[in-house]
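Student: One file: structure.tsv (TSV, C-alpha atoms).
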chain	number	residue	atom	x	y	z
K	1	MET	CA	0.13	-32.33	-28.63
K	2	ASN	CA	3.18	-34.59	-28.11
K	3	GLN	CA	5.43	-31.57	-28.48
K	4	ASP	CA	3.27	-29.65	-25.98
K	5	GLN	CA	3.55	-32.51	-23.52
K	6	ALA	CA	7.31	-32.71	-23.95
K	7	LEU	CA	7.69	-28.98	-23.39
K	8	ALA	CA	5.33	-29.10	-20.42
K	9	GLN	CA	7.39	-31.88	-18.84
K	10	ARG	CA	10.59	-29.89	-19.31
K	11	ILE	CA	9.01	-26.84	-17.61
K	12	ALA	CA	7.68	-29.00	-14.76
K	13	ASP	CA	11.07	-30.65	-14.28
K	14	ASN	CA	12.74	-27.25	-14.21
K	15	LEU	CA	10.28	-25.95	-11.60
K	16	ASN	CA	10.74	-29.05	-9.46
K	17	GLU	CA	14.51	-29.22	-9.69
K	18	ASN	CA	15.21	-25.49	-9.31
K	19	ALA	CA	12.43	-24.44	-6.96
K	20	VAL	CA	14.82	-22.56	-4.71
K	21	ASP	CA	15.69	-20.27	-7.63
K	22	PHE	CA	12.07	-19.46	-8.46
K	23	PHE	CA	10.19	-19.37	-5.16
K	24	THR	CA	10.52	-17.98	-1.65
K	25	GLY	CA	8.77	-18.99	1.55
K	26	GLN	CA	7.31	-22.35	2.49
K	27	GLU	CA	5.13	-22.93	-0.57
K	28	ALA	CA	5.55	-22.69	-4.31
K	29	ILE	CA	2.55	-21.52	-6.33
K	30	VAL	CA	2.24	-21.64	-10.12
K	31	GLU	CA	-0.40	-20.01	-12.31
K	32	ALA	CA	-0.87	-22.23	-15.35
K	33	ARG	CA	-4.29	-21.27	-16.68
K	34	GLY	CA	-5.03	-22.81	-20.06
K	35	ALA	CA	-1.81	-24.83	-20.03
K	36	SER	CA	-3.44	-28.25	-19.68
K	37	ALA	CA	-0.30	-30.25	-20.48
K	38	LEU	CA	1.75	-28.33	-17.91
K	39	ARG	CA	-0.97	-28.71	-15.28
K	40	GLN	CA	-1.02	-32.46	-15.88
K	41	ALA	CA	2.77	-32.69	-15.61
K	42	LEU	CA	2.82	-30.71	-12.37
K	43	ARG	CA	0.02	-32.74	-10.82
K	44	SER	CA	1.90	-35.92	-11.72
K	45	SER	CA	4.86	-34.70	-9.69
K	46	GLY	CA	2.91	-33.84	-6.56
K	47	TRP	CA	1.46	-30.38	-7.13
K	48	ILE	CA	-2.08	-29.87	-5.81
K	49	ASP	CA	-4.89	-27.37	-6.34
K	50	ASP	CA	-4.67	-24.00	-4.61
K	51	ASP	CA	-6.97	-20.95	-4.90
K	52	ALA	CA	-9.77	-21.06	-7.46
K	53	TRP	CA	-10.10	-18.31	-10.07
K	54	THR	CA	-12.75	-17.41	-12.65
K	55	PRO	CA	-11.58	-16.27	-16.10
K	56	MET	CA	-13.89	-13.73	-17.74
K	57	THR	CA	-14.03	-12.28	-21.25
K	58	LEU	CA	-15.69	-9.37	-23.00
K	59	ALA	CA	-16.06	-9.35	-26.79
K	60	LEU	CA	-14.81	-6.16	-28.43
K	61	SER	CA	-15.96	-6.87	-31.98
K	62	THR	CA	-19.17	-4.88	-31.43
K	63	PRO	CA	-19.80	-1.50	-29.77
K	64	LEU	CA	-19.50	-1.53	-25.98
K	65	ASP	CA	-22.37	-0.67	-23.67
K	66	LEU	CA	-20.81	2.38	-22.03
K	67	ALA	CA	-23.86	3.53	-20.04
K	68	ARG	CA	-22.23	2.80	-16.68
K	69	LEU	CA	-19.05	4.56	-17.77
K	70	GLU	CA	-20.88	7.64	-19.02
K	71	ALA	CA	-23.02	7.79	-15.87
K	72	ALA	CA	-20.04	7.90	-13.51
K	73	PRO	CA	-18.93	11.42	-12.50
K	74	LEU	CA	-15.31	10.71	-13.37
K	75	ASN	CA	-12.54	12.14	-15.48
K	76	ILE	CA	-10.64	9.12	-16.79
K	77	VAL	CA	-7.31	9.79	-18.47
K	78	GLU	CA	-4.40	7.81	-19.83
K	79	VAL	CA	-1.31	8.22	-17.65
K	80	GLY	CA	2.35	7.27	-17.69
K	81	PRO	CA	5.29	7.17	-15.28
K	82	GLU	CA	4.75	10.82	-14.39
K	83	ALA	CA	1.63	9.75	-12.48
K	84	ALA	CA	3.35	6.92	-10.61
K	85	ALA	CA	2.84	8.38	-7.13
K	86	ASP	CA	-0.94	8.76	-7.49
K	87	TRP	CA	-1.47	5.54	-9.48
K	88	THR	CA	0.40	3.40	-6.97
K	89	SER	CA	-1.32	5.09	-4.04
K	90	VAL	CA	-4.76	4.11	-5.35
K	91	HIS	CA	-3.57	0.60	-6.20
K	92	TRP	CA	-2.06	0.14	-2.73
K	93	SER	CA	-5.25	1.24	-1.02
K	94	SER	CA	-7.32	-1.11	-3.17
K	95	PHE	CA	-5.21	-4.23	-2.81
K	96	LYS	CA	-3.35	-3.75	0.47
K	97	GLY	CA	-5.49	-1.53	2.65
K	98	THR	CA	-2.52	-0.87	4.93
K	99	PRO	CA	-0.69	2.44	5.50
K	100	PHE	CA	1.33	3.44	2.45
K	101	THR	CA	4.61	4.04	4.27
K	102	LYS	CA	7.52	5.96	2.84
K	103	ASP	CA	9.52	2.78	2.20
K	104	ALA	CA	6.55	1.00	0.62
K	105	ARG	CA	5.81	4.02	-1.57
K	106	SER	CA	9.42	4.26	-2.76
K	107	TRP	CA	9.55	0.54	-3.59
K	108	PHE	CA	6.19	0.46	-5.38
K	109	VAL	CA	6.75	3.66	-7.36
K	110	ASP	CA	10.12	2.34	-8.56
K	111	ARG	CA	8.61	-1.03	-9.45
K	112	TRP	CA	5.67	0.42	-11.36
K	113	THR	CA	7.85	2.94	-13.16
K	114	HIS	CA	10.19	0.13	-14.21
K	115	ILE	CA	7.27	-1.85	-15.64
K	116	MET	CA	5.84	1.16	-17.45
K	117	THR	CA	9.21	1.96	-19.07
K	118	GLY	CA	10.37	-1.63	-19.63
K	119	PRO	CA	10.41	-3.89	-22.71
K	120	PHE	CA	6.63	-4.42	-22.71
K	121	ALA	CA	5.65	-0.82	-22.02
K	122	ALA	CA	4.45	-0.33	-25.59
K	123	ARG	CA	1.83	-3.04	-25.02
K	124	ALA	CA	0.45	-1.42	-21.87
K	125	GLN	CA	-1.79	1.53	-21.22
K	126	SER	CA	-2.55	2.75	-17.71
K	127	LEU	CA	-5.67	4.72	-16.85
K	128	MET	CA	-6.56	6.76	-13.79
K	129	ALA	CA	-9.97	8.10	-12.79
K	130	TYR	CA	-10.41	11.40	-10.92
K	131	ASP	CA	-13.58	12.35	-9.09
K	132	GLY	CA	-15.25	15.77	-9.20
K	133	SER	CA	-12.82	17.21	-6.67
K	134	GLY	CA	-9.78	16.06	-8.66
K	135	GLN	CA	-8.87	13.19	-6.35
K	136	PRO	CA	-7.52	9.99	-7.99
K	137	VAL	CA	-10.01	7.25	-7.10
K	138	ALA	CA	-9.57	4.32	-9.50
K	139	VAL	CA	-6.86	2.82	-11.70
K	140	THR	CA	-6.32	0.08	-14.23
K	141	THR	CA	-3.73	-1.08	-16.73
K	142	VAL	CA	-4.64	-2.89	-19.95
K	143	TRP	CA	-2.31	-4.92	-22.14
K	144	THR	CA	-2.59	-5.58	-25.85
K	145	ALA	CA	-1.21	-8.57	-27.75
K	146	GLY	CA	-1.69	-6.88	-31.11
K	147	GLU	CA	-4.39	-6.25	-33.70
K	148	GLY	CA	-7.16	-8.86	-33.67
K	149	ARG	CA	-5.88	-10.61	-30.54
K	150	PRO	CA	-7.24	-10.71	-26.97
K	151	GLY	CA	-6.18	-8.01	-24.54
K	152	LEU	CA	-5.83	-8.18	-20.78
K	153	VAL	CA	-7.17	-6.04	-17.93
K	154	GLU	CA	-4.61	-6.32	-15.12
K	155	PRO	CA	-4.86	-4.83	-12.57
K	156	MET	CA	-7.95	-2.81	-11.70
K	157	GLY	CA	-8.63	-1.21	-8.34
K	158	VAL	CA	-10.58	1.50	-6.53
K	159	HIS	CA	-9.37	3.43	-3.50
K	160	ARG	CA	-11.00	2.07	-0.35
K	161	ASP	CA	-12.48	5.45	0.52
K	162	HIS	CA	-14.49	5.43	-2.71
K	163	HIS	CA	-16.02	1.96	-2.87
K	164	GLY	CA	-19.68	1.45	-3.74
K	165	ARG	CA	-20.01	4.28	-6.24
K	166	GLY	CA	-19.72	2.38	-9.52
K	167	TYR	CA	-16.16	3.51	-10.12
K	168	ALA	CA	-14.82	-0.03	-10.59
K	169	THR	CA	-17.24	-0.77	-13.41
K	170	ALA	CA	-16.52	2.59	-15.02
K	171	ILE	CA	-12.72	2.21	-15.01
K	172	THR	CA	-13.08	-1.37	-16.29
K	173	LEU	CA	-15.20	-0.21	-19.21
K	174	ALA	CA	-12.71	2.57	-19.91
K	175	GLY	CA	-9.97	-0.03	-20.05
K	176	ALA	CA	-12.01	-2.22	-22.40
K	177	ARG	CA	-12.64	0.80	-24.63
K	178	THR	CA	-8.90	1.47	-24.75
K	179	LEU	CA	-8.25	-2.12	-25.84
K	180	GLN	CA	-10.97	-1.87	-28.46
K	181	ARG	CA	-9.43	1.29	-29.88
K	182	ARG	CA	-6.10	-0.52	-30.12
K	183	GLY	CA	-7.67	-3.31	-32.15
K	184	ALA	CA	-8.05	-6.03	-29.51
K	185	SER	CA	-10.60	-8.72	-30.32
K	186	SER	CA	-11.65	-9.14	-26.68
K	187	ALA	CA	-10.76	-8.17	-23.14
K	188	ALA	CA	-9.84	-10.84	-20.60
K	189	VAL	CA	-9.55	-10.75	-16.83
K	190	VAL	CA	-9.27	-13.33	-14.06
K	191	ALA	CA	-10.66	-12.85	-10.55
K	192	GLU	CA	-10.36	-14.96	-7.41
K	193	ASN	CA	-13.56	-16.81	-6.63
K	194	SER	CA	-13.33	-15.44	-3.10
K	195	ASN	CA	-13.39	-11.85	-4.42
K	196	LEU	CA	-17.13	-11.50	-4.92
K	197	ALA	CA	-16.95	-7.74	-5.43
K	198	ALA	CA	-14.51	-8.11	-8.34
K	199	LEU	CA	-16.63	-10.81	-9.96
K	200	ALA	CA	-19.72	-8.61	-9.65
K	201	THR	CA	-17.86	-5.63	-11.12
K	202	TYR	CA	-16.72	-7.49	-14.22
K	203	ARG	CA	-20.16	-8.98	-14.77
K	204	SER	CA	-21.72	-5.53	-14.54
K	205	ALA	CA	-19.26	-4.38	-17.20
K	206	GLY	CA	-20.49	-7.14	-19.52
K	207	PHE	CA	-17.81	-9.78	-19.00
K	208	LEU	CA	-18.91	-13.40	-19.34
K	209	THR	CA	-17.58	-16.06	-16.99
K	210	GLN	CA	-15.60	-19.03	-18.25
K	211	GLU	CA	-14.80	-22.35	-16.59
K	212	GLN	CA	-13.00	-21.78	-13.30
K	213	VAL	CA	-9.41	-22.88	-12.82
K	214	THR	CA	-7.08	-23.26	-9.86
K	215	ASP	CA	-3.48	-22.32	-9.20
K	216	LEU	CA	-1.19	-25.21	-8.32
K	217	LYS	CA	1.00	-25.42	-5.24
K	218	ARG	CA	3.45	-27.67	-3.44
K	219	ALA	CA	5.50	-27.47	-0.26
Output the file's structure as structure tokens, nothing else.
Tutor:
Amino acid sequence: MNQDQALAQRIADNLNENAVDFFTGQEAIVEARGASALRQALRSSGWIDDDAWTPMTLALSTPLDLARLEAAPLNIVEVGPEAAADWTSVHWSSFKGTPFTKDARSWFVDRWTHIMTGPFAARAQSLMAYDGSGQPVAVTTVWTAGEGRPGLVEPMGVHRDHHGRGYATAITLAGARTLQRRGASSAAVVAENSNLAALATYRSAGFLTQEQVTDLKRA
């Protein structure tokens, strides 16, 4: 614990002293979920609570309830960089909801391709769901930490033109199944408390809510 506190203080000091190197804009925001010593060190130096989030977990040690996945009229496949244009288009619609301009598309495709071919690519698996007409409608990426360890669902999204059809729950369950097949002990996700639709989706997929946590911010 003393070593954790010492390390936490070093990280906090680094963030405080070199903020200009790490952050842009008028506020600095840090996600330090589960890092109690770091959160304490940051609060002691003036950081305050920001947005609240709810961590959620799904045990993968037993068979998954895939009824909602099997009921959805979707073709869900594992994809790689070759599907970057479609994957990013669905993600952009889900999270941005603004026109996917040529410049935005070029930037996002390059960014996603870089992630999917980078040092951690072997730990990631991206999925894309197609509806009956062959249109890409939902996406997710899951990340494994190795056999017997928790995995992560991040991100997950459904194209805005296809909300309300159960696709979010289906693609989430498909992601959890992928993690289970890769030996993960559980699947974890974190959703903003203000995002009621996301919270409802993960609950419908069987995720259990944990104690909420906030980001930390300072001017």
Student: Give me, as a list in words, all polymer residues having an atom no more than 8 Å from Val189 of chain K, counting only C-alpha atoms and skipping those fewer than 3 positions away in the same chain.
Tutor: Pro55, Met56, Thr57, Leu152, Val153 and Glu154 of chain K
Student: Determine, counting only C-alpha atoms, which protein, DNA and RNA residues have an atom within 8 Å of an atom of segment 164-180 of chain K; residues of the same chain fewer than 6 positions away are not included. Present the result as an MDAnalysis selection string.
Tutor: chainID K and resid 60:61 64 66 68:70 72 74 76 125 127:129 137:144 151 153 156:158 186:187 201:202 204:205
Student: Need to verify the contact set: Gly132 of chain K, 10 Å, all atoms listed in the file, exclusion of same-chain residues closer than 4 positions in sequence. Can you return it as a short mmCIF file (atom, residue, chain, number, x, y, z; two decimals) with C-alpha atoms, in the frame of the given file?
Tutor:
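File produced: result04.cif:
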data_model
loop_
_atom_site.label_atom_id
_atom_site.label_comp_id
_atom_site.auth_asym_id
_atom_site.auth_seq_id
_atom_site.Cartn_x
_atom_site.Cartn_y
_atom_site.Cartn_z
CA PRO K 73 -18.93 11.42 -12.50
CA LEU K 74 -15.31 10.71 -13.37
CA ASN K 75 -12.54 12.14 -15.48
CA PRO K 136 -7.52 9.99 -7.99
#
Student: Do a neighbour search on Arg33 of chain K at 12 Å with all atoms listed in the file, toss out local chain neighbours closer than 6 positions, and write the hits as JSON, numbers by chain.
Tutor: {"K": [39, 40, 52, 53, 54, 55, 189, 190, 210, 211, 212, 213, 214, 215, 216]}
Student: Which one is closest to Arg160 of chain K: K:Ser93, K:Thr113, K:Asn195, K:Thr98? Count only C-alpha atoms.
Tutor: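 So, comparing all the options, the nearest one is K:Ser93.
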Student: Could you tell me how far atom CA of Asn193 of chain K lies from atom CA of Glu27 of chain K, in Å and to one decimal?
Tutor: 20.6 Å
